[in-house]
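K.L.:
Please find one structure pasted underneath; my questions will follow.
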Amino acid sequence: MRLLGGRYARQRIVIEDRAHITVRAAAGAVPVLDGAGLAPADGQSGMIEVRDSSDITVSGLTVTGYRTSLVSAVPIGILVIGSGRSIRLSGNHVHHLGNDNGTLGSFDMNAHGIAVFGTRAARPLTGISITGNELDHLVLGASETLVLNGNVDGWAVTHNDIHDNNNIGIDAIGFEPTIGGAARFTEVNRARNGLIAHNRVSRIISEGNPAYWEDGSWCNCADGIYVDGGTAITIADNRVDASDIGIEVASEWRQGRTNAIAVTNNTVTGSRYTGLAIGGYDQDRGEAYDVVVTGNLLRGNNTLNDGSPEMLLQYYVHDTTIRHNTVISANADQAVLVYRNAPVGGAAKNAHLVLDDNTYRGPVPAGQESYFWNGVEQRGLPAYRAVSGQDRRSTYNGRR
């Protein structure tokens with residue numbers, strides 16, 4: 001099916017239990033599916049839906065205008081759900097849609113730009129390719145711009161431009177009730193065997209998002225790229241700019257975990273809170289382990305100037321290696337390069353953490369930069385080494 005250019009008002013496309021279908025823009029055309037005036041039904045619904053189908057391509061379409069203020073409805077630009085194989089989403093533009101409910105502090109309002117939900121425990125969604133799309137100006141509530149969630153096994157998210165949205169840019173999720181019952185906390189309910197590469201993610205900021213109003217202030221906690229419960233995922237050669245958190249590897253469920261993650265050759269700049277975060281954000285979260293962080297550039301993060309670090313190691317981080325990265329603070333007042341929380345829980349969930357061969361830089365002379373180890377500040381690389389045993393071959397260069 002080739003769509004001619006122009007506006008398709010209040011038109012949705014639903015592909016269900018089908019195979020070998022292509023929906024694309026005609027040569028040189030810009031077809032726009034405009035959901036303005038449509039009332040999204042309760043639950044999840046997409047302007048474009050692919051349900052329990054295989055060998056499907058959606059390419060070159062613009063999707064916009066699909067909005068609600070109801071907490072019971074979840075508008076989505078492009079929704080892939082159920083099971084199936086070989087789904088290709090390429091060159092689409094999803095913009096200016098979402099959930100406009102304004103209830104402060106409520107996580108009940110949700111929307112997505114592109115969502116892939118593997119909901120069948122016995123059969124995954126596999127062979128998913130999401131490439132060359134643009135997703136911007138989305139109002140997402142407690143949800144994500146581009147998400148892979150549940151039984152999604154074998155996928156790639158590459159060369160997308162994701163910007164100016166009010167919650168997470170790219171997220172690979174496990175252990176949510178996407179699949180319930182006995183299978184929930186098993187391997188089939190995890191986004192896995194995936195690649196997140198060569199994407200540009202910028203201005204992903206939760207300030208002003210009603211879902212993130214907490215105790216009288218905004219939570220600055222929207223990740224550019226997030227893995228929450230996923231496994232066997234490579235995050236490589238992405239650029240993340242001016243978001244709350246650049247890249248985060250964590251698990252939000254006590255029974256869950258995030259493991260076998262490679263974070264390589266990414267550039268993260270201008271984050272409001274921190275450039276890289278690993279581990280559970282409080283003591284009730286799951287663990288992060290078998291994480292390798294190498295070849296990344298973290299520069300000029302914590303633009304909120306609240307003393308947060310370039311690199312944050314949270315709770316239950318173990319069996320993790322952080323080497324050959326360049327970490328540059330731009331804050332002359334609080335040049336905090338590394339912060340590790342004081343460990344909690346058993347020794348096994350805090351062991352075998354290695355940092356070394358990293359290059360640290362900052363705007364202050366050597367000895368005035370800060371590292372926090374187990375929650376205690378150390379000034380200068382020698383003091384930090386003595387307490388932590390870490391970064392023996394790393395260097396710090398001050399720029400006056």
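FYI, nothing fancy with the structure tokens labels: chains A, B, ... in order, residues from 1 per chain, ligands from 1 as they appear.
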Do a neighbour search on Leu135 of chain A at 9 Å with only C-alpha atoms, toss out local chain neighbours closer than 4 positions, and write the hits as a list in words.

P.N.:
Asn92, His93, Val94, His95, His96, Gly113, Ile114, Thr145, Leu146, Asn160, Asp161, Ile162, His163, Asp164, Asn165 and Gly169 of chain A

K.L.:
Next, the residues of the selection above should be written as a short mmCIF file (atom, residue, chain, number, x, y, z; two decimals), in the first residue's frame with C-alpha atoms.

P.N.:
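Saved result, again.cif, follows:
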data_model
loop_
_atom_site.label_atom_id
_atom_site.label_comp_id
_atom_site.auth_asym_id
_atom_site.auth_seq_id
_atom_site.Cartn_x
_atom_site.Cartn_y
_atom_site.Cartn_z
CA ASN A 92 8.40 7.91 10.03
CA HIS A 93 7.77 11.19 11.85
CA VAL A 94 5.68 11.07 15.03
CA HIS A 95 5.08 14.44 16.64
CA HIS A 96 2.72 16.61 18.69
CA GLY A 113 5.50 7.80 20.26
CA ILE A 114 6.47 4.28 19.17
CA THR A 145 8.95 8.17 23.66
CA LEU A 146 10.15 4.88 22.15
CA ASN A 160 16.56 7.82 15.08
CA ASP A 161 16.22 11.50 16.02
CA ILE A 162 14.35 11.84 19.32
CA HIS A 163 13.98 15.31 20.78
CA ASP A 164 11.92 17.76 22.81
CA ASN A 165 9.78 15.23 24.70
CA GLY A 169 13.69 8.93 24.99
#

K.L.:
Report the closest atom pair, with its distance in Å rounded to one decimal, for each residue of segment 280-306 of chain A that has an atom no farther than 6 Å from segment 310-334 of chain A; count only C-alpha atoms, sort by chain and then rising residue number, and write it as a Markdown table.

P.N.:
| residue | atom | partner | partner_atom | distance |
| --- | --- | --- | --- | --- |
| A:Gly280 | CA | A:Tyr315 | CA | 4.9 |
| A:Tyr281 | CA | A:Gln314 | CA | 5.9 |
| A:Glu287 | CA | A:Tyr316 | CA | 4.7 |
| A:Ala288 | CA | A:Val317 | CA | 5.1 |
| A:Tyr289 | CA | A:His318 | CA | 5.0 |
| A:Asp290 | CA | A:Thr320 | CA | 5.2 |
| A:Val291 | CA | A:Thr320 | CA | 4.8 |
| A:Val292 | CA | A:Thr321 | CA | 5.0 |
| A:Val293 | CA | A:Ile322 | CA | 4.6 |
| A:Thr294 | CA | A:Arg323 | CA | 5.2 |
| A:Gly295 | CA | A:Asn325 | CA | 4.7 |
| A:Asn296 | CA | A:Asn325 | CA | 4.9 |
| A:Leu297 | CA | A:Thr326 | CA | 4.9 |
| A:Leu298 | CA | A:Val327 | CA | 4.8 |
| A:Arg299 | CA | A:Ile328 | CA | 4.6 |
| A:Gly300 | CA | A:Ala330 | CA | 4.7 |
| A:Asn301 | CA | A:Glu310 | CA | 5.7 |

K.L.:
Set the distance at 6 Å and use only C-alpha atoms: which residues neighbour Phe117 of chain A once local chain neighbours fewer than 2 positions away are removed? I'd like the list as a PyMOL selection string.

P.N.:
chain A and resi 81+119+149-150

K.L.:
Check the DSSP output for the backbone and give back, as a count of residues only, the residues of segment 240-343 of chain A in strand (DSSP E).

P.N.:
53

K.L.:
For Glu252 of chain A, find every residue with an atom within 12 Å (counting only C-alpha atoms), except residues of its own chain fewer than 6 positions away, and show them as a list in words.

P.N.:
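These residues fall inside the cut-off: Ile173, Gly174, Phe175, Glu176, Tyr226, Val227, Asp228, Gly229, Gly230, Thr258, Ile278, Gly279, Gly280, Tyr281, Asp282, Gln283, Asp284, Arg285, Gly286, Glu287, Ala288, Tyr315 and Tyr316 of chain A.
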
K.L.:
Applying 9 Å and only C-alpha atoms, which residues near segment 272-276 of chain A remain after dropping the ones on its own chain fewer than 6 positions away? List them as a PDB file with C-alpha atoms, in the first residue's frame.

P.N.:
ATOM      1  CA  ILE A 205      13.213  16.804  30.179  1.00  0.00           C
ATOM      2  CA  ASN A 220      14.543  15.928  36.879  1.00  0.00           C
ATOM      3  CA  CYS A 221      14.575  12.243  36.013  1.00  0.00           C
ATOM      4  CA  VAL A 240      22.579  12.290  24.102  1.00  0.00           C
ATOM      5  CA  ALA A 242      20.656  18.349  27.199  1.00  0.00           C
ATOM      6  CA  SER A 243      18.430  15.745  28.853  1.00  0.00           C
ATOM      7  CA  ASP A 244      17.854  15.132  32.552  1.00  0.00           C
ATOM      8  CA  ILE A 245      19.925  11.924  32.639  1.00  0.00           C
ATOM      9  CA  GLY A 246      22.031  10.893  29.678  1.00  0.00           C
ATOM     10  CA  ILE A 247      22.100   7.079  29.900  1.00  0.00           C
ATOM     11  CA  GLU A 248      20.783   4.928  32.759  1.00  0.00           C
ATOM     12  CA  VAL A 249      21.120   1.178  33.358  1.00  0.00           C
ATOM     13  CA  LEU A 298      30.748  12.344  29.398  1.00  0.00           C
ATOM     14  CA  ARG A 299      31.168  16.098  29.310  1.00  0.00           C
ATOM     15  CA  GLY A 300      29.582  19.072  31.021  1.00  0.00           C
ATOM     16  CA  ASN A 301      26.738  17.241  32.701  1.00  0.00           C
ATOM     17  CA  ASN A 302      24.857  18.427  35.822  1.00  0.00           C
ATOM     18  CA  THR A 303      23.868  21.774  34.354  1.00  0.00           C
ATOM     19  CA  LEU A 304      21.509  22.193  37.317  1.00  0.00           C
ATOM     20  CA  ASN A 305      24.675  22.782  39.371  1.00  0.00           C
ATOM     21  CA  ASP A 306      23.334  20.899  42.376  1.00  0.00           C
ATOM     22  CA  GLY A 307      26.524  18.923  43.039  1.00  0.00           C
ATOM     23  CA  SER A 308      25.497  15.798  41.169  1.00  0.00           C
ATOM     24  CA  PRO A 309      28.246  13.885  39.331  1.00  0.00           C
ATOM     25  CA  GLU A 310      29.156  13.105  35.776  1.00  0.00           C
ATOM     26  CA  MET A 311      28.864   9.416  36.650  1.00  0.00           C
ATOM     27  CA  LEU A 312      26.529   8.024  39.341  1.00  0.00           C
ATOM     28  CA  LEU A 313      26.746   4.494  40.762  1.00  0.00           C
TER      29      LEU A 313
END

K.L.:
Using DSSP on the backbone coordinates, identify the residues of segment 2-198 of chain A assigned to helix (DSSP H, G or I); present them as a list in words.

P.N.:
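Checking each residue of segment 2-198 of chain A, the helix (DSSP H, G or I) ones are Gly181, Ala182, Ala183, Glu187, Val188 and Asn189 of chain A.
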
K.L.:
May I ask which of the residues A:Asn99, A:Thr395, A:Asn193, A:Ser206 is the closest one to Ala262 of chain A, counting only C-alpha atoms?

P.N.:
A:Asn193

K.L.:
Using only C-alpha atoms, find the one residue out of A:Ile15, A:Ser129, A:Ala36, A:Leu61 that sits nearest to Arg2 of chain A.

P.N.:
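Once distances to Arg2 of chain A are computed over only C-alpha atoms, the minimum belongs to A:Leu61.
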
K.L.:
Determine the nearest neighbour of Gly389 of chain A from the options A:Thr57, A:Phe372, A:Leu355, A:Pro365, counting only C-alpha atoms.

P.N.:
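Residue with the minimum atom-to-atom distance to Gly389 of chain A: A:Leu355.
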
K.L.:
Excluding same-chain residues fewer than 5 positions from Arg385 of chain A, what lies within 12 Å of it counting only C-alpha atoms, as a PyMOL selection string?

P.N.:
chain A and resi 338+354-356+370-373+377-380+390-396

K.L.:
Quote the spacing between atom CA of Ala142 of chain A and atom CA of Asp100 of chain A in Å to one decimal place.

P.N.:
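Atom CA of Asp100 of chain A lies 11.6 Å from atom CA of Ala142 of chain A.
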
K.L.:
Would you mind telling me which residue in A:Leu89, A:Val80, A:Ile225, A:Val74 lies nearest to Val116 of chain A when using only C-alpha atoms?

P.N.:
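Nearest to Val116 of chain A: A:Val80.
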
K.L.:
My list of candidates is A:Tyr212, A:Phe185, A:Trp155, A:Tyr360. Which is closest to Arg254 of chain A when distances are computed with only C-alpha atoms?

P.N.:
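Once distances to Arg254 of chain A are computed over only C-alpha atoms, the minimum belongs to A:Phe185.
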
K.L.:
So what do you get for atom CA of Arg18 of chain A versus atom CA of Ser83 of chain A, distance-wise?

P.N.:
11.5 Å

K.L.:
Write out as a list in words the residues lying within 9 Å of Ile48 of chain A, counting only C-alpha atoms and excluding same-chain residues fewer than 5 positions away.

P.N.:
Arg12, Ile13, Val14, Ile15, Leu33, Val58, Val63, Ile76, Gly77, Ile78, Leu79 and Val80 of chain A

K.L.:
Measure the distance from atom CA of Gly118 of chain A to atom CA of Val147 of chain A in Å and round it to one decimal.

P.N.:
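Computed distance, atom CA of Gly118 of chain A to atom CA of Val147 of chain A, equals 11.0 Å.
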